[in-house]
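Asker: What follows is a structure written as C-alpha cells; I'll ask about it next.
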Amino acid sequence: MRSMSGGKSSIETTSALQLAVWEQPIAQIALAHGIPLRVLKMRIRCEEITLPPPQYWEKIERGLSRNQALREIGWTPPMIRKINDILRDAKSRTIKPSRRVQV
C-alpha cells in the first residue's frame, strides 16, 4: 500500500485500517508499517474491524474478485452487499478533497 507520493499509506484511522485489511493480509500490513502483529490484531479487535474470512486470500491469489471469492467461501449476497457497503463507506471517509489553487 503506497500513497501517491510514494510513501506508505496511513492506517491511522479506523476507516483506513478497514480498507487495508481487505487490500492485503494483516501480517503484511504489520510488516509494512512496522507494527507488531499482536498490537495490530488487538487494534483490529478493539476497533471492531471486519476481517476477510479464512481462505479469502487464497482465492484472491487465484485471481478471483472479492465478490467471487466471498461467494465461493459461502457468503450470501446480503453479506457481500454489507461488506461492500462498509468498504465503500470507509473509502469515502479516507479520501481527502483536493485543494483548489486560486490564480
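A note on labels: chains of the C-alpha cells are A, B, ... as shown, every chain counts residues from 1, and ligands are counted from 1 in their shown order.
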Any idea what's packed within 12 Å of Leu37 (chain A), counting only C-alpha atoms, ignoring anything in its chain fewer than 6 positions away? Could you give it as a PDB file with all heavy atoms, in the first residue's frame?
Answerer:
```pdb
ATOM      1  N   PRO A  25      -3.199  -9.091   3.502  1.00  0.00           N
ATOM      2  CA  PRO A  25      -3.249  -9.791   4.792  1.00  0.00           C
ATOM      3  C   PRO A  25      -2.657  -8.941   5.918  1.00  0.00           C
ATOM      4  O   PRO A  25      -1.735  -8.149   5.706  1.00  0.00           O
ATOM      5  CB  PRO A  25      -2.404 -11.043   4.553  1.00  0.00           C
ATOM      6  CG  PRO A  25      -2.427 -11.246   3.074  1.00  0.00           C
ATOM      7  CD  PRO A  25      -2.499  -9.871   2.481  1.00  0.00           C
ATOM      8  N   ILE A  26      -3.173  -9.148   7.135  1.00  0.00           N
ATOM      9  CA  ILE A  26      -2.735  -8.303   8.254  1.00  0.00           C
ATOM     10  C   ILE A  26      -1.255  -8.481   8.579  1.00  0.00           C
ATOM     11  O   ILE A  26      -0.620  -7.539   9.026  1.00  0.00           O
ATOM     12  CB  ILE A  26      -3.617  -8.477   9.509  1.00  0.00           C
ATOM     13  CG1 ILE A  26      -3.611  -9.895  10.013  1.00  0.00           C
ATOM     14  CG2 ILE A  26      -5.019  -7.986   9.256  1.00  0.00           C
ATOM     15  CD1 ILE A  26      -4.308 -10.068  11.346  1.00  0.00           C
ATOM     16  N   ALA A  27      -0.699  -9.656   8.323  1.00  0.00           N
ATOM     17  CA  ALA A  27       0.735  -9.842   8.577  1.00  0.00           C
ATOM     18  C   ALA A  27       1.553  -8.915   7.676  1.00  0.00           C
ATOM     19  O   ALA A  27       2.560  -8.342   8.110  1.00  0.00           O
ATOM     20  CB  ALA A  27       1.136 -11.293   8.348  1.00  0.00           C
ATOM     21  N   GLN A  28       1.113  -8.733   6.447  1.00  0.00           N
ATOM     22  CA  GLN A  28       1.815  -7.832   5.524  1.00  0.00           C
ATOM     23  C   GLN A  28       1.636  -6.376   5.940  1.00  0.00           C
ATOM     24  O   GLN A  28       2.549  -5.569   5.813  1.00  0.00           O
ATOM     25  CB  GLN A  28       1.330  -8.044   4.095  1.00  0.00           C
ATOM     26  CG  GLN A  28       1.769  -9.354   3.498  1.00  0.00           C
ATOM     27  CD  GLN A  28       1.256  -9.546   2.089  1.00  0.00           C
ATOM     28  OE1 GLN A  28       0.678  -8.647   1.486  1.00  0.00           O
ATOM     29  NE2 GLN A  28       1.464 -10.738   1.553  1.00  0.00           N
ATOM     30  N   ILE A  29       0.457  -6.039   6.437  1.00  0.00           N
ATOM     31  CA  ILE A  29       0.207  -4.674   6.909  1.00  0.00           C
ATOM     32  C   ILE A  29       1.137  -4.362   8.081  1.00  0.00           C
ATOM     33  O   ILE A  29       1.770  -3.311   8.115  1.00  0.00           O
ATOM     34  CB  ILE A  29      -1.266  -4.492   7.332  1.00  0.00           C
ATOM     35  CG1 ILE A  29      -2.196  -4.676   6.135  1.00  0.00           C
ATOM     36  CG2 ILE A  29      -1.474  -3.120   7.972  1.00  0.00           C
ATOM     37  CD1 ILE A  29      -3.655  -4.794   6.506  1.00  0.00           C
ATOM     38  N   ALA A  30       1.205  -5.301   9.030  1.00  0.00           N
ATOM     39  CA  ALA A  30       2.065  -5.108  10.205  1.00  0.00           C
ATOM     40  C   ALA A  30       3.515  -4.907   9.778  1.00  0.00           C
ATOM     41  O   ALA A  30       4.193  -3.995  10.266  1.00  0.00           O
ATOM     42  CB  ALA A  30       1.938  -6.301  11.151  1.00  0.00           C
ATOM     43  N   LEU A  31       3.984  -5.732   8.874  1.00  0.00           N
ATOM     44  CA  LEU A  31       5.362  -5.634   8.400  1.00  0.00           C
ATOM     45  C   LEU A  31       5.606  -4.319   7.667  1.00  0.00           C
ATOM     46  O   LEU A  31       6.598  -3.626   7.928  1.00  0.00           O
ATOM     47  CB  LEU A  31       5.674  -6.822   7.483  1.00  0.00           C
ATOM     48  CG  LEU A  31       7.100  -6.932   6.970  1.00  0.00           C
ATOM     49  CD1 LEU A  31       8.070  -7.115   8.139  1.00  0.00           C
ATOM     50  CD2 LEU A  31       7.221  -8.089   5.994  1.00  0.00           C
ATOM     51  N   ARG A  43      -5.655  -3.937  17.966  1.00  0.00           N
ATOM     52  CA  ARG A  43      -6.330  -2.735  17.451  1.00  0.00           C
ATOM     53  C   ARG A  43      -7.524  -3.122  16.589  1.00  0.00           C
ATOM     54  O   ARG A  43      -8.596  -2.522  16.703  1.00  0.00           O
ATOM     55  CB  ARG A  43      -5.344  -1.890  16.648  1.00  0.00           C
ATOM     56  CG  ARG A  43      -5.990  -0.659  16.090  1.00  0.00           C
ATOM     57  CD  ARG A  43      -5.045   0.252  15.370  1.00  0.00           C
ATOM     58  NE  ARG A  43      -5.819   1.247  14.649  1.00  0.00           N
ATOM     59  CZ  ARG A  43      -5.378   1.880  13.602  1.00  0.00           C
ATOM     60  NH1 ARG A  43      -4.154   1.679  13.143  1.00  0.00           N
ATOM     61  NH2 ARG A  43      -6.149   2.754  12.993  1.00  0.00           N
ATOM     62  N   ILE A  44      -7.348  -4.129  15.737  1.00  0.00           N
ATOM     63  CA  ILE A  44      -8.440  -4.596  14.879  1.00  0.00           C
ATOM     64  C   ILE A  44      -9.623  -5.047  15.734  1.00  0.00           C
ATOM     65  O   ILE A  44     -10.777  -4.719  15.444  1.00  0.00           O
ATOM     66  CB  ILE A  44      -7.944  -5.726  13.948  1.00  0.00           C
ATOM     67  CG1 ILE A  44      -7.033  -5.126  12.864  1.00  0.00           C
ATOM     68  CG2 ILE A  44      -9.103  -6.500  13.340  1.00  0.00           C
ATOM     69  CD1 ILE A  44      -6.254  -6.155  12.075  1.00  0.00           C
TER      70      ILE A  44
END
```
Asker: Do you know which residues are at most 9 Å from region 83-89 of chain A counting only C-alpha atoms, after dropping those on the same chain fewer than 4 positions away, and could you put them as a PyMOL selection string?
Answerer: chain A and resi 15+18-19+22+50+67+78-79+93-94
Asker: With a distance cut-off of 8 Å and only C-alpha atoms, select the neighbouring residues of Ala16 (chain A), excluding the residue or stretch itself and same-chain residues fewer than 6 positions from it, and output the selection as a list in words.
Answerer: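 Surrounding residues, per the criterion: Ser10, Ala90, Lys91 and Thr94 of chain A.
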Asker: When distances are computed from only C-alpha atoms, which of A:Glu48, A:Val39, A:Glu23, A:Thr14 shows the smallest separation from Arg66 (chain A)?
Answerer: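 Residue with the minimum atom-to-atom distance to Arg66 (chain A): A:Glu23.
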Asker: Using only C-alpha atoms, which residues sit within 9 Å of Lys59 (chain A) once same-chain residues fewer than 2 positions away are excluded, as an mmCIF file with C-alpha atoms, in the first residue's frame?
Answerer:
```cif
data_model
loop_
_atom_site.group_PDB
_atom_site.id
_atom_site.type_symbol
_atom_site.label_atom_id
_atom_site.label_comp_id
_atom_site.auth_asym_id
_atom_site.auth_seq_id
_atom_site.Cartn_x
_atom_site.Cartn_y
_atom_site.Cartn_z
ATOM 1 C CA GLN A 55 -9.443 -18.896 2.714
ATOM 2 C CA TYR A 56 -10.144 -15.382 1.324
ATOM 3 C CA TRP A 57 -6.534 -14.558 0.428
ATOM 4 C CA GLU A 61 -4.307 -15.086 -5.136
ATOM 5 C CA ARG A 62 -6.043 -17.430 -7.615
ATOM 6 C CA GLY A 63 -7.320 -14.317 -9.383
ATOM 7 C CA LEU A 64 -10.894 -14.144 -8.120
ATOM 8 C CA SER A 65 -12.552 -10.818 -7.393
ATOM 9 C CA ARG A 66 -13.641 -10.023 -3.852
ATOM 10 C CA GLN A 68 -16.321 -14.170 -6.379
ATOM 11 C CA ALA A 69 -14.047 -15.195 -3.512
ATOM 12 C CA LEU A 70 -16.715 -14.484 -0.915
ATOM 13 C CA GLU A 72 -17.026 -19.431 -3.136
ATOM 14 C CA ILE A 73 -16.471 -19.266 0.630
#
```
Asker: Which of region 21-60 of chain A counts as helix (DSSP H, G or I) under DSSP, as a ChimeraX atom specification please?
Answerer: /A:21-23,26-33,37-46,56-60
Asker: What does the structure give for the distance between CA of Arg81 (chain A) and CA of Arg45 (chain A), in Å to one decimal?
Answerer: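 Distance between the two atoms: 22.1 Å.
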